[in-house]
Each structure stands twice: as structure tokens, then as C-alpha cells.
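Trainee: Quick one, input26.txt (compact mmCIF, C-alpha atoms):
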```txt
# COMPACT_ATOMS: atom_id res chain seq x y z
CA MET A 1 0.00 0.00 0.00
CA ILE A 2 1.30 3.43 -0.98
CA GLN A 3 1.99 5.82 1.85
CA VAL A 4 3.14 9.44 1.69
CA LEU A 5 5.12 11.39 4.26
CA ILE A 6 4.26 15.11 4.35
CA ALA A 7 6.83 17.14 6.29
CA TYR A 8 6.66 20.92 6.63
CA ASP A 9 7.86 23.84 8.68
CA ASN A 10 4.83 25.70 10.01
CA THR A 11 6.62 27.33 12.92
CA PRO A 12 4.95 30.75 13.28
CA SER A 13 8.33 32.48 13.45
CA THR A 14 9.50 30.88 10.20
CA GLU A 15 9.42 33.17 7.20
CA LEU A 16 7.02 31.73 4.58
CA TRP A 17 5.51 29.33 7.12
CA ASP A 18 2.10 30.06 5.56
CA LEU A 19 3.37 28.96 2.14
CA PHE A 20 4.72 25.74 3.61
CA GLN A 21 1.46 25.16 5.49
CA SER A 22 -0.57 25.77 2.31
CA CYS A 23 1.58 23.34 0.31
CA ALA A 24 1.20 20.70 3.04
CA ASP A 25 -2.57 21.24 3.17
CA GLU A 26 -2.71 20.85 -0.60
CA ALA A 27 -0.62 17.66 -0.41
CA LYS A 28 -2.96 16.22 2.24
CA GLN A 29 -6.00 17.06 0.12
CA ILE A 30 -4.43 15.40 -2.92
CA CYS A 31 -3.72 12.25 -0.87
CA PHE A 32 -7.29 12.26 0.43
CA ASN A 33 -8.71 12.69 -3.09
CA ASN A 34 -6.71 9.69 -4.27
CA SER A 35 -7.42 7.54 -1.19
CA ILE A 36 -3.74 7.43 -0.32
CA HIS A 37 -2.70 7.24 3.30
CA TYR A 38 -0.34 9.91 4.58
CA THR A 39 1.64 10.74 7.70
CA SER A 40 2.50 14.33 8.50
CA ILE A 41 5.37 15.86 10.43
CA ASP A 42 5.51 19.51 11.38
CA TYR A 43 6.79 21.79 14.13
CA PRO A 44 8.28 20.86 16.57
CA VAL A 45 9.20 17.36 15.38
CA LEU A 46 10.46 18.26 11.94
CA ASN A 47 13.95 16.79 12.12
CA LYS A 48 16.26 14.22 10.59
CA ASP A 49 15.26 11.40 12.93
CA SER A 50 11.53 11.77 12.30
CA ILE A 51 12.12 11.78 8.55
CA THR A 52 14.32 8.69 8.72
CA SER A 53 11.92 6.69 10.86
CA ASN A 54 8.82 7.63 8.86
CA MET A 55 10.39 6.99 5.47
CA THR A 56 10.72 3.31 6.32
CA ASN A 57 7.02 2.89 5.57
CA SER A 58 6.56 5.67 2.97
CA GLN A 59 7.16 5.70 -0.76
CA VAL A 60 7.11 9.45 -1.31
CA CYS A 61 8.27 12.30 0.91
CA VAL A 62 6.80 15.75 0.34
CA ILE A 63 8.75 18.40 2.19
CA ALA A 64 8.00 22.12 2.40
CA ALA A 65 10.70 23.97 4.31
CA HIS A 66 13.68 26.24 3.77
CA GLY A 67 16.55 24.76 1.82
CA GLY A 68 20.11 25.30 0.72
CA ASP A 69 22.25 23.74 -1.99
CA SER A 70 22.74 20.46 -0.17
CA GLU A 71 20.20 20.43 2.64
CA ILE A 72 16.72 21.19 3.91
CA TYR A 73 16.50 22.56 7.42
CA ASN A 74 13.96 23.46 10.11
CA ASN A 75 13.33 26.77 11.87
CA GLN A 76 16.20 26.11 14.30
CA GLY A 77 18.58 25.70 11.40
CA ASP A 78 18.84 21.97 12.17
CA ILE A 79 19.31 19.69 9.20
CA VAL A 80 16.20 17.75 8.18
CA ILE A 81 17.61 16.23 5.00
CA SER A 82 21.17 16.63 3.83
CA SER A 83 23.73 15.14 1.51
CA GLU A 84 26.08 15.18 4.52
CA TYR A 85 24.22 12.51 6.50
CA ASP A 86 23.71 8.86 5.91
CA PHE A 87 20.01 8.17 5.56
CA ASN A 88 20.63 4.41 5.52
CA ASP A 89 19.16 4.10 2.05
CA CYS A 90 15.74 5.06 3.40
CA PHE A 91 15.10 6.99 0.17
CA ASN A 92 16.26 4.15 -2.04
CA GLY A 93 13.65 3.46 -4.75
CA LYS A 94 11.41 6.27 -3.45
CA GLY A 95 10.42 9.83 -4.39
CA LEU A 96 11.36 13.17 -2.85
CA TYR A 97 9.09 16.10 -3.68
CA THR A 98 10.36 19.40 -2.25
CA ILE A 99 9.11 22.94 -2.05
CA SER A 100 12.44 24.29 -0.93
CA CYS A 101 14.98 26.70 -2.33
CA LEU A 102 18.18 25.56 -4.02
CA CYS A 103 18.26 21.88 -3.04
CA GLY A 104 18.03 20.82 -6.69
CA LYS A 105 21.66 21.82 -6.97
CA GLU A 106 23.43 19.26 -4.78
CA LEU A 107 20.83 17.37 -2.74
CA CYS A 108 19.13 16.05 -5.88
CA PRO A 109 22.24 14.52 -7.53
CA TYR A 110 23.36 13.10 -4.18
CA PHE A 111 20.08 11.30 -3.49
CA ARG A 112 19.67 10.17 -7.07
CA LYS A 113 23.15 8.66 -6.92
CA HIS A 114 21.97 6.80 -3.83
CA GLY A 115 18.94 5.22 -5.45
CA LEU A 116 16.20 7.88 -5.28
CA SER A 117 13.63 7.16 -8.02
CA PHE A 118 12.56 10.73 -8.59
CA PHE A 119 13.25 14.21 -7.30
CA VAL A 120 11.25 17.41 -7.63
CA GLY A 121 12.70 20.67 -6.35
CA TYR A 122 14.41 23.92 -7.36
CA ASN A 123 17.97 24.84 -8.20
CA ASP A 124 17.44 28.51 -7.31
CA THR A 125 15.31 30.36 -4.80
CA PHE A 126 11.60 29.52 -4.71
CA THR A 127 9.92 32.92 -4.66
CA VAL A 128 6.43 34.10 -3.78
CA LYS A 129 4.65 37.41 -4.25
CA GLY A 130 1.18 38.36 -3.14
CA GLU A 131 -1.40 35.64 -2.60
CA PRO A 132 0.20 32.17 -2.34
CA ALA A 133 -2.54 30.40 -4.36
CA PRO A 134 -0.92 30.44 -7.85
CA PHE A 135 2.44 29.52 -6.35
CA VAL A 136 1.02 26.63 -4.33
CA SER A 137 -1.07 25.39 -7.24
CA SER A 138 1.86 25.28 -9.67
CA ALA A 139 4.31 23.91 -7.10
CA MET A 140 1.95 21.05 -6.13
CA SER A 141 0.72 20.23 -9.63
CA GLY A 142 3.40 17.59 -10.21
CA PHE A 143 2.46 15.84 -6.97
CA ARG A 144 -1.21 15.94 -7.96
CA SER A 145 -0.35 14.30 -11.25
CA ILE A 146 1.92 11.63 -9.73
CA LEU A 147 -0.69 10.61 -7.16
CA SER A 148 -3.39 10.42 -9.80
CA GLY A 149 -1.36 7.63 -11.42
CA ASP A 150 0.38 9.52 -14.22
CA THR A 151 3.86 8.45 -15.25
CA LEU A 152 6.71 10.69 -14.12
CA GLU A 153 7.20 11.99 -17.65
CA VAL A 154 3.54 13.00 -17.87
CA ALA A 155 3.64 14.52 -14.37
CA HIS A 156 6.67 16.60 -15.34
CA GLN A 157 4.93 17.95 -18.42
CA LYS A 158 1.72 18.65 -16.49
CA MET A 159 3.73 20.59 -13.92
CA LEU A 160 5.33 22.74 -16.63
CA ASP A 161 1.89 23.28 -18.16
CA SER A 162 0.51 24.30 -14.77
CA PHE A 163 3.24 26.90 -14.38
CA ASP A 164 2.47 28.19 -17.88
CA THR A 165 -1.24 28.45 -17.08
CA GLU A 166 -0.60 30.41 -13.87
CA ILE A 167 1.97 32.65 -15.57
CA GLY A 168 -0.39 33.28 -18.49
CA GLN A 169 -3.17 34.35 -16.12
CA GLN A 170 -0.88 36.66 -14.20
CA ASP A 171 0.61 38.19 -17.39
CA ASN A 172 -2.57 40.22 -17.69
CA ILE A 173 -3.28 40.72 -13.99
CA ASP A 174 0.06 41.40 -12.32
CA PRO A 175 3.23 40.84 -14.40
CA LEU A 176 5.36 41.14 -11.26
CA ILE A 177 3.69 37.96 -9.98
CA ALA A 178 4.18 36.35 -13.40
CA ILE A 179 7.89 37.16 -13.18
CA GLU A 180 8.19 35.25 -9.89
CA LEU A 181 6.18 32.29 -11.19
CA LEU A 182 8.38 32.15 -14.27
CA HIS A 183 11.44 32.28 -12.04
CA ASN A 184 10.16 29.22 -10.14
CA LYS A 185 9.37 27.38 -13.36
CA GLU A 186 12.84 28.00 -14.74
CA ALA A 187 14.40 26.83 -11.46
CA LEU A 188 12.35 23.60 -11.40
CA VAL A 189 14.33 20.38 -11.21
CA PHE A 190 12.20 17.33 -12.03
CA GLU A 191 14.44 14.32 -12.42
CA TYR A 192 13.75 10.60 -12.65
CA GLU A 193 15.39 7.40 -13.78
CA ASP A 194 12.41 5.81 -15.48
CA LYS A 195 10.04 8.12 -17.34
CA ASN A 196 7.32 5.46 -17.37
CA LEU A 197 7.37 4.88 -13.62
CA THR A 198 4.10 5.43 -11.72
CA ILE A 199 3.52 5.70 -7.99
CA GLU A 200 2.15 2.16 -7.87
CA GLU A 201 5.55 0.84 -8.92
CA LEU A 202 7.56 2.58 -6.19
CA ASP A 203 9.20 0.33 -3.57
CA MET B 1 23.51 60.85 -21.96
CA ASP B 2 24.65 62.48 -18.69
CA PHE B 3 27.33 60.92 -16.60
CA LYS B 4 29.72 61.76 -13.82
CA LEU B 5 33.41 61.98 -14.49
CA VAL B 6 35.91 61.32 -11.73
CA PHE B 7 39.70 61.61 -11.92
CA ILE B 8 41.86 60.18 -9.16
CA ASP B 9 45.42 61.19 -9.92
CA ASP B 10 48.01 62.86 -7.71
CA ASN B 11 49.42 64.79 -10.68
CA LEU B 12 46.20 66.14 -12.18
CA SER B 13 44.46 69.45 -11.52
CA MET B 14 41.11 70.76 -12.69
CA LYS B 15 42.88 72.79 -15.39
CA GLU B 16 44.63 69.81 -16.94
CA PRO B 17 44.08 69.93 -20.74
CA LEU B 18 42.97 66.28 -20.77
CA ILE B 19 40.19 66.97 -18.26
CA GLN B 20 39.12 70.17 -19.99
CA HIS B 21 39.04 68.40 -23.34
CA ILE B 22 36.80 65.59 -22.05
CA ARG B 23 34.57 68.03 -20.19
CA ILE B 24 34.00 70.21 -23.27
CA HIS B 25 33.92 67.44 -25.86
CA PHE B 26 31.33 65.40 -23.96
CA ASP B 27 29.53 68.40 -22.44
CA ILE B 28 30.00 67.22 -18.87
CA GLU B 29 29.09 69.44 -15.96
CA ASP B 30 29.53 66.92 -13.17
CA TYR B 31 33.23 66.19 -12.82
CA ASN B 32 35.61 65.86 -9.88
CA VAL B 33 39.34 65.58 -9.48
CA PHE B 34 40.95 63.94 -6.45
CA GLN B 35 44.68 63.94 -5.86
CA ASP B 36 44.37 61.84 -2.71
CA PRO B 37 43.45 58.24 -3.65
CA GLU B 38 41.60 57.65 -0.34
CA GLU B 39 39.37 60.69 -0.89
CA GLY B 40 38.72 59.71 -4.49
CA LEU B 41 37.83 56.15 -3.50
CA GLU B 42 35.45 57.36 -0.80
CA TYR B 43 33.71 59.66 -3.27
CA VAL B 44 33.32 56.88 -5.84
CA LEU B 45 31.98 54.37 -3.32
CA ASN B 46 29.47 56.93 -2.06
CA ASN B 47 28.17 57.54 -5.58
CA LEU B 48 27.86 54.01 -6.97
CA ASN B 49 24.22 54.57 -7.86
CA LYS B 50 25.24 57.18 -10.45
CA ARG B 51 26.37 56.57 -14.00
CA MET B 52 30.08 57.29 -13.82
CA ILE B 53 33.47 56.85 -15.48
CA VAL B 54 36.45 56.84 -13.14
CA PHE B 55 39.95 57.61 -14.40
CA ILE B 56 42.54 56.25 -11.97
CA ASP B 57 46.25 56.86 -12.01
CA ARG B 58 48.15 53.61 -11.81
CA ASN B 59 50.89 55.01 -9.60
CA PHE B 60 50.51 57.35 -6.61
CA ASP B 61 53.83 58.66 -5.28
CA GLY B 62 53.96 58.70 -1.50
CA TYR B 63 50.61 57.01 -0.96
CA SER B 64 50.11 53.52 0.35
CA LYS B 65 47.18 52.89 -1.99
CA GLN B 66 47.97 52.49 -5.67
CA GLY B 67 45.68 52.39 -8.71
CA LEU B 68 45.29 48.64 -8.57
CA ASN B 69 44.22 48.81 -4.91
CA LEU B 70 41.48 51.28 -5.84
CA LEU B 71 40.38 49.06 -8.72
CA LYS B 72 40.08 46.07 -6.37
CA GLU B 73 38.18 48.01 -3.72
CA ILE B 74 35.71 49.35 -6.26
CA ARG B 75 35.29 45.89 -7.79
CA ASN B 76 34.45 44.52 -4.34
CA GLN B 77 31.37 46.74 -4.47
CA THR B 78 30.39 46.66 -8.14
CA SER B 79 31.48 45.35 -11.50
CA LEU B 80 29.29 47.81 -13.40
CA LEU B 81 31.35 50.94 -12.93
CA TYR B 82 33.69 51.79 -15.82
CA ILE B 83 37.29 52.33 -14.83
CA VAL B 84 40.04 53.77 -17.00
CA MET B 85 43.49 53.13 -15.58
CA MET B 86 46.01 55.79 -16.60
CA SER B 87 49.76 55.92 -16.60
CA ALA B 88 51.95 58.98 -17.04
CA ASN B 89 54.80 56.87 -18.38
CA PRO B 90 54.88 54.69 -21.49
CA LEU B 91 53.52 51.22 -20.84
CA SER B 92 56.86 49.73 -21.92
CA ASP B 93 58.66 51.62 -19.11
CA ILE B 94 56.36 50.44 -16.37
CA SER B 95 57.32 47.49 -14.29
CA VAL B 96 54.10 45.66 -13.53
CA SER B 97 54.05 42.28 -11.86
CA SER B 98 52.42 39.59 -13.95
CA GLN B 99 49.86 39.09 -11.17
CA ASP B 100 48.84 42.78 -11.31
CA LEU B 101 48.69 42.63 -15.09
CA ILE B 102 46.43 39.57 -14.98
CA GLU B 103 44.14 41.20 -12.42
CA MET B 104 43.76 44.30 -14.58
CA MET B 105 43.15 42.31 -17.75
CA ASN B 106 40.55 40.13 -16.04
CA SER B 107 38.70 43.06 -14.54
CA GLU B 108 35.26 43.79 -15.97
CA ASN B 109 34.47 47.13 -17.62
CA PHE B 110 38.09 48.15 -17.60
CA PHE B 111 40.15 50.28 -20.00
CA TYR B 112 43.76 51.45 -20.06
CA PHE B 113 44.87 54.90 -21.23
CA ASP B 114 48.56 55.58 -21.76
CA ARG B 115 48.81 59.33 -21.15
CA SER B 116 52.37 59.54 -22.40
CA ASN B 117 51.48 58.25 -25.87
CA GLY B 118 47.70 58.56 -26.00
CA SER B 119 46.02 61.47 -27.74
CA PHE B 120 42.72 63.17 -26.91
CA GLU B 121 41.30 61.12 -29.75
CA ASP B 122 42.30 57.93 -27.94
CA VAL B 123 40.49 58.93 -24.78
CA ASP B 124 37.44 59.95 -26.87
CA ILE B 125 37.40 56.45 -28.37
CA ILE B 126 37.40 54.93 -24.89
CA ILE B 127 34.56 57.14 -23.65
CA ASN B 128 32.50 56.58 -26.79
CA SER B 129 32.98 52.85 -26.39
CA ILE B 130 31.72 53.08 -22.81
CA LYS B 131 28.73 55.19 -23.90
CA LYS B 132 27.86 52.60 -26.53
CA GLN B 133 27.91 49.85 -23.90
CA TRP B 134 25.80 51.99 -21.57
CA SER B 135 23.09 52.32 -24.18
CA VAL B 136 22.21 48.63 -23.87
CA LYS B 137 22.99 47.90 -20.22
CA PHE B 138 19.95 47.17 -18.11
CA ASP B 139 20.79 49.62 -15.31
CA CYS B 140 21.35 52.43 -17.80
CA VAL B 141 18.20 51.66 -19.76
CA LEU B 142 16.26 51.72 -16.48
CA GLU B 143 17.90 54.98 -15.44
CA ASP B 144 16.96 56.60 -18.76
CA TRP B 145 13.42 55.26 -18.44
CA LEU B 146 12.99 56.70 -14.95
CA LEU B 147 14.31 60.07 -16.11
CA ARG B 148 11.77 60.14 -18.93
CA HIS B 149 8.98 58.65 -16.80
CA PRO B 150 9.45 60.10 -13.31
CA GLU B 151 5.95 58.92 -12.37
CA ASP B 152 7.35 55.36 -12.34
CA ASN B 153 10.11 56.04 -9.82
CA LYS B 154 8.04 55.22 -6.74
CA LYS B 155 6.05 52.34 -8.23
CA GLU B 156 6.64 48.88 -6.80
CA ALA B 157 9.01 46.75 -8.83
CA PHE B 158 9.84 43.86 -6.56
CA THR B 159 9.00 42.27 -3.21
CA GLU B 160 11.57 40.21 -1.36
CA THR B 161 10.05 36.80 -0.72
CA ASP B 162 11.48 36.14 2.74
CA SER B 163 11.08 39.55 4.36
CA GLY B 164 8.22 40.94 2.30
CA LYS B 165 10.24 44.13 1.83
CA LYS B 166 9.07 46.13 -1.17
CA TYR B 167 11.42 47.81 -3.64
CA THR B 168 10.46 50.64 -5.97
CA TRP B 169 12.05 51.03 -9.40
CA GLU B 170 14.20 53.76 -7.90
CA ASP B 171 15.38 51.31 -5.21
CA ILE B 172 16.01 48.62 -7.80
CA LEU B 173 18.29 50.97 -9.76
CA ILE B 174 20.48 51.34 -6.67
CA GLU B 175 20.47 47.57 -6.09
CA LEU B 176 21.51 47.04 -9.73
CA ARG B 177 24.30 49.60 -9.61
CA GLN B 178 25.63 48.16 -6.36
CA GLN B 179 25.37 44.65 -7.80
CA THR B 180 23.58 43.30 -4.73
CA ALA B 181 21.99 39.84 -4.71
CA ILE B 182 18.58 41.51 -5.06
CA GLY B 183 19.75 43.55 -8.06
CA LYS B 184 21.34 40.61 -9.85
CA SER B 185 18.39 38.32 -9.17
CA PHE B 186 15.89 40.94 -10.36
CA GLU B 187 17.78 41.52 -13.61
CA LYS B 188 17.86 37.78 -14.30
CA LYS B 189 14.13 37.38 -13.60
CA LEU B 190 13.21 40.31 -15.78
CA ASN B 191 15.34 39.08 -18.68
CA GLN B 192 13.68 35.66 -18.40
CA TYR B 193 10.31 37.35 -18.46
CA TYR B 194 11.09 39.36 -21.63
CA ILE B 195 12.03 36.14 -23.40
CA HIS B 196 8.88 34.45 -22.12
CA LEU B 197 6.66 37.30 -23.32
CA LEU B 198 8.27 37.51 -26.75
CA ASN B 199 7.97 33.74 -27.22
CA ARG B 200 4.42 33.62 -25.89
CA SER B 201 3.32 36.09 -28.56
CA LYS B 202 4.69 33.73 -31.24
CA LYS B 203 2.77 30.66 -30.02
```
Please, can you express the file's structure as C-alpha cells?
Mentor:
Amino acid sequence: MIQVLIAYDNTPSTELWDLFQSCADEAKQICFNNSIHYTSIDYPVLNKDSITSNMTNSQVCVIAAHGGDSEIYNNQGDIVISSEYDFNDCFNGKGLYTISCLCGKELCPYFRKHGLSFFVGYNDTFTVKGEPAPFVSSAMSGFRSILSGDTLEVAHQKMLDSFDTEIGQQDNIDPLIAIELLHNKEALVFEYEDKNLTIEELD
Amino acid sequence: MDFKLVFIDDNLSMKEPLIQHIRIHFDIEDYNVFQDPEEGLEYVLNNLNKRMIVFIDRNFDGYSKQGLNLLKEIRNQTSLLYIVMMSANPLSDISVSSQDLIEMMNSENFFYFDRSNGSFEDVDIIINSIKKQWSVKFDCVLEDWLLRHPEDNKKEAFTETDSGKKYTWEDILIELRQQTAIGKSFEKKLNQYYIHLLNRSKK
């Protein structure tokens, strides 16, 4: 049975905590809509140990928190996921779906080298302006597609299309929002080994 | 195209024919001469948000700071400013370490004017070359735009994602000139957006 781990930093003092909360809420809704069981981790137990223990039974980890080139961290600055630590292959054959800045740069290649089946994230900052809705919608569209049973290749294309739709709408409403959405789209890293893989086939 | 002209040279005075030639030929009202390299450097660093060409003597007798030191200190703040290094002696008579030579050659927006052999025409060529580059540089295009459309100065151009701090177009010009992370990131995003818009219209 497929299980998803949803980890997010909703500490009130964390900048963008509302974005992370909205992405997690969206992820939970998507799981519910697809009758997929999920576990969620948030403040104050968002840490490396909780991720490691929960990934034993999960096939996909969605994480919405601040990130750097090679790590994702919590509001205390403690590492949640990093290329520095040994995660005992707990991501081997699984998926990591991040809404975090920069981790597409080094975290993605590290985990993929260690058996991760797919990675979604960003190799630059993930930026938001104004209402979070178009940013959340585009950022979670790939997850929506994966959980609906689409192959990774299809999910990737649907995510790009979702960004284009949101950007196109904002072009005429507020181009400064469109600029930030485009920035996120261009920073998107969506990598996988097998383009025909679906969530049902994850270990 | 208005610009500031700054000379930092211990052997130059306001009446120097070279300075008077440039001032008259390019119709420049805003020009300053500093014989003390520290004073000249301070003035330049305090005016980085202005369009400016800085002529720097390579050798200052009796001062600890030399032309190359000024170049490095300015480059620590911005790579946009145009610097013309000058020498009173022929280039062939100057003993320059290979390291210094490499640093000068690798510096961005950098020119060399040999005052012992160079004519007024040579310095005109340098300034015209700089003016030509200015005409297409993003910060200069924005500056011209804001001069012609002063009503846009105070309009919002960008909001920092983490802090929510808003920047007007006037603020962005300063960030661009000072080559801050905000300025560089904004220029990249805007260039991406132009390409997106031009391509979208061709779909």
C-alpha cells in the first residue's frame, strides 16, 4: 500500500511558514482525493530522525521547508535532509518532492546517486509574491499528477503546463507575480530514472 | 547621456588639458578631481548609484594605496562601474608584476589609457565605447526610463520573498548599480520574463 510522508515547517516564526502550510494542506488534500494514506510531520518534530523513521514505511516524501544547496533545514537551522548525513538508504527506490529553495543543486544529484527514483525541487530560490494560491497550485501540480497515477514523464509535463497556465493568467493581472512564477518554473528540477514509472511501482 | 566623471590622480588638476578636453567634448558638468586616492575612493563608493566613469592613475607617489588597490576596492562593491586606468609613463617603461597585469586584464568594464602616448582622440574612443555599452545595459536603460517617466520612480518593482520588503524602481536601480543579490536576481528574472513574453506572442 502506498503511503506518503508530508513534512513541513509551520513554525509561526519561520518566514514563509504560511506557504509551507498551504503546500502541506494541498498535499494532504491530494492524498485524500486519491485515497492514499499519509503521515504528516511539522513543528516541533520536523527533524532528521523523524524523517528517517517515517520513510521506512513511505514511498514518497513531500517536504516544504527552507533549503540550501545540499540540505533542507527546520526553523532552528537543524538539518532535516542533507547530503552530509547517511540516511541508511531510506530513500532508495522512493520519491522526494520538495518545495524548498536551491536543493536541486546538490541534494538532488546526491540522493539520485543513492537510489532515489525521482526528485522534484528547485535549483534557485523559490519565490512568492502576493497571494500564495498560484504559487502553491503550480508547485503542487506535479504531486497531484503523480498521485493520480500519471507516469513521471507526464507529471513533469503537467507541472510545466501548470506553471504556464498560472503565468499566463498573471501576465494580464500582475506581471510582477508572473515574473516570480516564471522564475520558479525556470528553477524547477524534475528528475527521474524511469520516465514510465508510476507511484504504484515505487518500492 | 549624462554621466559623472571622476579623476583620481596625484598629478592632475582641474585645469589639466585632458580633463578640460573631455569636459568640453562630452559636455560634462559633473566632474571631480581627487589627488588623494583615499578621498577619491570614498567619493566613488558613495556615488555608486550614479552613471560614472572613473579615471585612476596607476601610480601614486607617496601614498600607500595604488591604482590597482582602488580598482580592487571598487570591484568589491560593483562590477558595473567603468574604470580607465592611466599611466603617465609609457607602458613599456612600467614594471608591472604579472599578477597585477592579470588582475587588470581580467577586470570587468576596464580600460587602459597611456597618457604619455595617447592622444585626446584615444580617450574619446574609450569614452564613446563606454557610452555605446551603456546604451544597452539594463541599469542604464532603467535609469533613462525613470528620467523620462518620473511617475514610475516610486512604483513597486519587486517584493523580497522572505522579508516581504518592497522595492520601488528607484530602489532597484540602486540595487543594480551596487550589484547586490537583489539587483542581480531581479535583472535575471526580468530578462527571463522578456524572453517568455516575446515567445508567448509567437505561439
Trainee: Identify, on the basis of all atoms listed in the file, every residue whose closest approach to stretch 81-94 of chain B does not exceed 9 Å; exclude the query and any residue fewer than 4 positions from it along the same chain; express the result as a PyMOL selection string.
Mentor: chain B and resi 9+11+48+51-59+67-68+71+74-75+104+108-117+126+130+177
Trainee: Residues of chain A no more than 9 Å from chain B, counting all atoms listed in the file: send them over as JSON, numbers by chain.
Mentor: {"A": [15, 16, 126, 127, 128, 129, 130, 168, 171, 175, 176, 178, 179, 180, 182, 183, 186]}
Trainee: Take atom CA of B:Trp169 and atom CA of B:Leu146 and report the distance between them in Å, one decimal.
Mentor: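 Atom-to-atom, atom CA of B:Trp169 to atom CA of B:Leu146, that is 8.0 Å.
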Trainee: Which residues are near A:Ala133? Cut-off 9 Å, all atoms listed in the file, ignore same chain within fewer than 5 positions. Put them as a VMD selection string.
Mentor: chain A and resid 19 22 138
Trainee: Between atom CA of B:Phe26 and atom CA of B:Ile172, what distance in Å does the model show, to one decimal?
Mentor: 27.9 Å
Trainee: Do you have the atom CA of A:Ser58-atom CA of A:Phe135 distance handy?
Mentor: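 Distance reported for this atom pair: 25.9 Å.
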Trainee: Between B:Gln178, B:His21, B:Lys50, B:Glu16, which one has atoms that come closest to B:Lys4, using all atoms listed in the file?
Mentor: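 Result for the nearest residue to B:Lys4: B:Lys50.
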Trainee: Quick one: residues within 12 Å of A:Leu46, only C-alpha atoms, excluding same-chain residues fewer than 6 positions away - as a ChimeraX atom specification?
Mentor: /A:5-11,40,52-54,63-66,72-81
Trainee: For A:Thr39, which residue among A:Cys90, A:Val4, A:Asp25, A:Asp69 is the nearest when counting all atoms listed in the file?
Mentor: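 Looking only at the distances to A:Thr39, the closest residue turns out to be A:Val4.
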